[in-house]
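What follows is one structure encoded as structure tokens, with my remarks underneath.
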There are 2 protein chains.
Amino acid sequence: MNQLDESLLSAIPPFRRLDRAQIREILDLATPARFDERQAIFEEGAEASRFYLLLDGVIRVIRTTPGGDQIIVLHIAAGQLFGIAPALGHDTYPATATAAGECLVLGWPVRLWPTFVEKYQGFATETYKVVGERIDEMNNRIVELATQAVEQRVACALLRMLNQTGKKVDNGIEITFPITRANISEMTGTTLHTVSRLLSAWEKQGILESARRHIVVTDPHRLVQLSTSAA
Amino acid sequence: MNQLDESLLSAIPPFRRLDRAQIREILDLATPARFDERQAIFEEGAEASRFYLLLDGVIRVIRTTPGGDQIIVLHIAAGQLFGIAPALGHDTYPATATAAGECLVLGWPVRLWPTFVEKYQGFATETYKVVGERIDEMNNRIVELATQAVEQRVACALLRMLNQTGKKVDNGIEITFPITRANISEMTGTTLHTVSRLLSAWEKQGILESARRHIVVTDPHRLVQLSTSAA
DNA sequence: AAGAAACGTTGTCCTGGCTCAAACTCTGAA
DNA sequence: TTCAGAGTTTGAGCCAGGACAACGTTTCTT
């Protein structure tokens, strides 16, 4: 139906083992959509009616506390499935997903999930592998939040983003989507003020370069040091 | 082979839909084991060779940081599967599981996992539902650690244990397994000193009664208040 | 072009809770 | 019954980082 290229899926883990015809089938069932920065793909608490694959861009998964604080639960990088709550027994999304920058997304109705699992060899296994990785990441963040000081947590958050979506540029590694001090504070459980001070200090030390909503890490190795040991 | 009663499994979600013969089969493949307090069922980093079902008791899942801090990632209540890392694509356990009190456990070799999924209708679905719940809980803890003050976090931790394994007694709800101030501090990212002070204060206010390694919450409702709002 | 909104920086103050220290109380082992 | 180890309590001091405040800068809107 739609004119998507098979190569879009053939490199992505849950679809990697499928042949061209199968991928064609899956693409024909998908609804592609483009989202602008800050636009929500789905909201926390809404009925989980679709699951998605992120083709391009970065998605921010957000939770809001009763007290009104927002915290960023995780970032989704291109090539990842998301909104797969229904596959884990939820009938409502447990968090809000918004586009961190411009995004290209494929969506399928949840009723196709069992079909995919049944029909496509390895699909379930590969997907649950992704879930496993996400659990790992969440575990790490819990340990981090419980044991590390703010400076280390911010360093970890930057490194995590570099690993997931960083792009090599001439003077370092760039975070490829718009990000504010406030965003980083929402990932690390601190305030935008503290983040601002840290980034300023690091910029002075030549660890990174930052402009409004934009960060390039020039010395990732130093950042790794900061993320583990103090000072 | 072993003389376990079918009723042990028939009430547990992933097995609920199975008939007696199927449950018998599964039981015959299982290795039952008893663990004493503080005994490890498996260690972080070890090859994930088996998955388990907790029949009785409580399991503590622990991670150790490079810095030597321990933090309690979650508690497993009776009736839950655990050590299912291999089903999520890990070939090594991401955390250590130790018996919080005396425990009765069934274990199966991982090679049976695909068999179970294939052979027993609903097994996979139900299991991933459990995974979904665990992800939810982890999400909540991340938000909690990122936004709440120590007092609220400790209150949340107590409530979580009450919900999972609390037992009604005449004067309140009891935490059914031995737990120290240090344990609670490892769940909440604080120090045993602070936990001690909080519990003392709460005991003075009649919210709970505590003895060495033992807590009974007499006013859970008040604890809920403490877990959301300050003071 | 002007105003508003979003984003970022920096300063000052103040407190929650961590650190260090010491003592007390159980429990179990020998 | 004594001792060692594990668990708990309490005190005193200190500082990382949150709260509050004000201002600078860039971007968007009209």
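Chains: A, B, ... in order of the structure tokens. Residues: from 1 per chain. Ligands: from 1, in order shown.
When the distance limit is 9 Å and only C-alpha atoms (C1' of nucleotides) are what count, the residues near range 17-27 of chain C, minus those fewer than 6 positions from it on the same chain, are Val150, Thr190, Thr191, Thr194 and Arg212 of chain B; DA6, DG7, DT8, DT9, DT10, DG11, DG13 and DC14 of chain D.
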Name the residues in contact with Leu27 in chain B at a cut-off of 12 Å, using only C-alpha atoms (C1' of nucleotides), excluding same-chain residues fewer than 5 positions from it; report them as a VMD selection string. chain B and resid 1 to 10 15 20 to 22 32 52 to 53 105 to 108 116
Interface, chain A side, toward chain C (10 Å; only C-alpha atoms (C1' of nucleotides)) as a PyMOL selection string: chain A and resi 180-182+192-193+196-197+200+211-213
Give me, as an MDAnalysis selection string, the contact residues of chain D against chain A at a cut-off of 9 Å, counting only C-alpha atoms (C1' of nucleotides). chainID D and resid 16:18 26
Can you check which residues of chain A have any atom within 6 Å of chain B? Use only C-alpha atoms and format it as an MDAnalysis selection string. chainID A and resid 88:89 128:129 132 142 146:147 189
Store the residues of this selection in a file with N, CA, C and O atoms, as a PDB file, in the first residue's frame.
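What follows is the written file out-v2.pdb:
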ATOM      1  N   LEU A  88       3.203  -6.509  26.957  1.00  0.00           N
ATOM      2  CA  LEU A  88       3.589  -6.857  28.326  1.00  0.00           C
ATOM      3  C   LEU A  88       2.375  -6.796  29.253  1.00  0.00           C
ATOM      4  O   LEU A  88       2.494  -6.587  30.449  1.00  0.00           O
ATOM      5  N   GLY A  89       1.224  -6.951  28.656  1.00  0.00           N
ATOM      6  CA  GLY A  89       0.022  -7.100  29.461  1.00  0.00           C
ATOM      7  C   GLY A  89      -0.636  -5.815  29.913  1.00  0.00           C
ATOM      8  O   GLY A  89      -1.580  -5.850  30.683  1.00  0.00           O
ATOM      9  N   TYR A 128      11.892  -9.466  22.903  1.00  0.00           N
ATOM     10  CA  TYR A 128      12.073  -9.580  24.339  1.00  0.00           C
ATOM     11  C   TYR A 128      13.522  -9.359  24.730  1.00  0.00           C
ATOM     12  O   TYR A 128      13.820  -8.964  25.846  1.00  0.00           O
ATOM     13  N   LYS A 129      14.399  -9.571  23.785  1.00  0.00           N
ATOM     14  CA  LYS A 129      15.792  -9.212  24.018  1.00  0.00           C
ATOM     15  C   LYS A 129      15.904  -7.688  24.217  1.00  0.00           C
ATOM     16  O   LYS A 129      16.607  -7.207  25.105  1.00  0.00           O
ATOM     17  N   GLY A 132      14.714  -6.845  27.533  1.00  0.00           N
ATOM     18  CA  GLY A 132      15.762  -7.167  28.501  1.00  0.00           C
ATOM     19  C   GLY A 132      16.791  -6.068  28.612  1.00  0.00           C
ATOM     20  O   GLY A 132      17.193  -5.687  29.711  1.00  0.00           O
ATOM     21  N   ILE A 142      18.474   2.964  38.442  1.00  0.00           N
ATOM     22  CA  ILE A 142      18.075   2.874  39.849  1.00  0.00           C
ATOM     23  C   ILE A 142      19.306   2.873  40.742  1.00  0.00           C
ATOM     24  O   ILE A 142      19.402   3.642  41.704  1.00  0.00           O
ATOM     25  N   ALA A 146      20.406   5.832  43.306  1.00  0.00           N
ATOM     26  CA  ALA A 146      20.459   5.490  44.728  1.00  0.00           C
ATOM     27  C   ALA A 146      21.848   5.704  45.327  1.00  0.00           C
ATOM     28  O   ALA A 146      21.980   5.901  46.523  1.00  0.00           O
ATOM     29  N   THR A 147      22.882   5.658  44.501  1.00  0.00           N
ATOM     30  CA  THR A 147      24.222   5.674  45.087  1.00  0.00           C
ATOM     31  C   THR A 147      25.123   6.823  44.643  1.00  0.00           C
ATOM     32  O   THR A 147      26.070   7.148  45.343  1.00  0.00           O
ATOM     33  N   GLY A 189      17.227  13.721  38.094  1.00  0.00           N
ATOM     34  CA  GLY A 189      16.668  14.040  39.390  1.00  0.00           C
ATOM     35  C   GLY A 189      17.388  15.165  40.092  1.00  0.00           C
ATOM     36  O   GLY A 189      17.691  15.072  41.279  1.00  0.00           O
TER      37      GLY A 189
END
Do a neighbour search on Gln39 in chain A at 7 Å with only C-alpha atoms (C1' of nucleotides), toss out local chain neighbours closer than 3 positions, and write the hits as a PyMOL selection string. chain A and resi 35-36+98-99
Select from range 4-226 of chain B everything DSSP, run on the backbone, classes as alpha helix (DSSP H), then give the selection as a ChimeraX atom specification. /B:7-10,13-16,20-29,112-119,123-147,150-165,181-188,192-204,220-226
In Å, with one decimal, what is the gap from CA of Phe177 in chain B to CA of Gly101 in chain B? 5.6 Å
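Reported to one decimal place, the separation of CA of Ala201 in chain B from CA of Ala77 in chain B is 28.4 Å.
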When you count only C-alpha atoms, which of these residues is closest to Met161 in chain A: A:Ile175, A:Val58, A:Val195, A:Cys103? A:Ile175
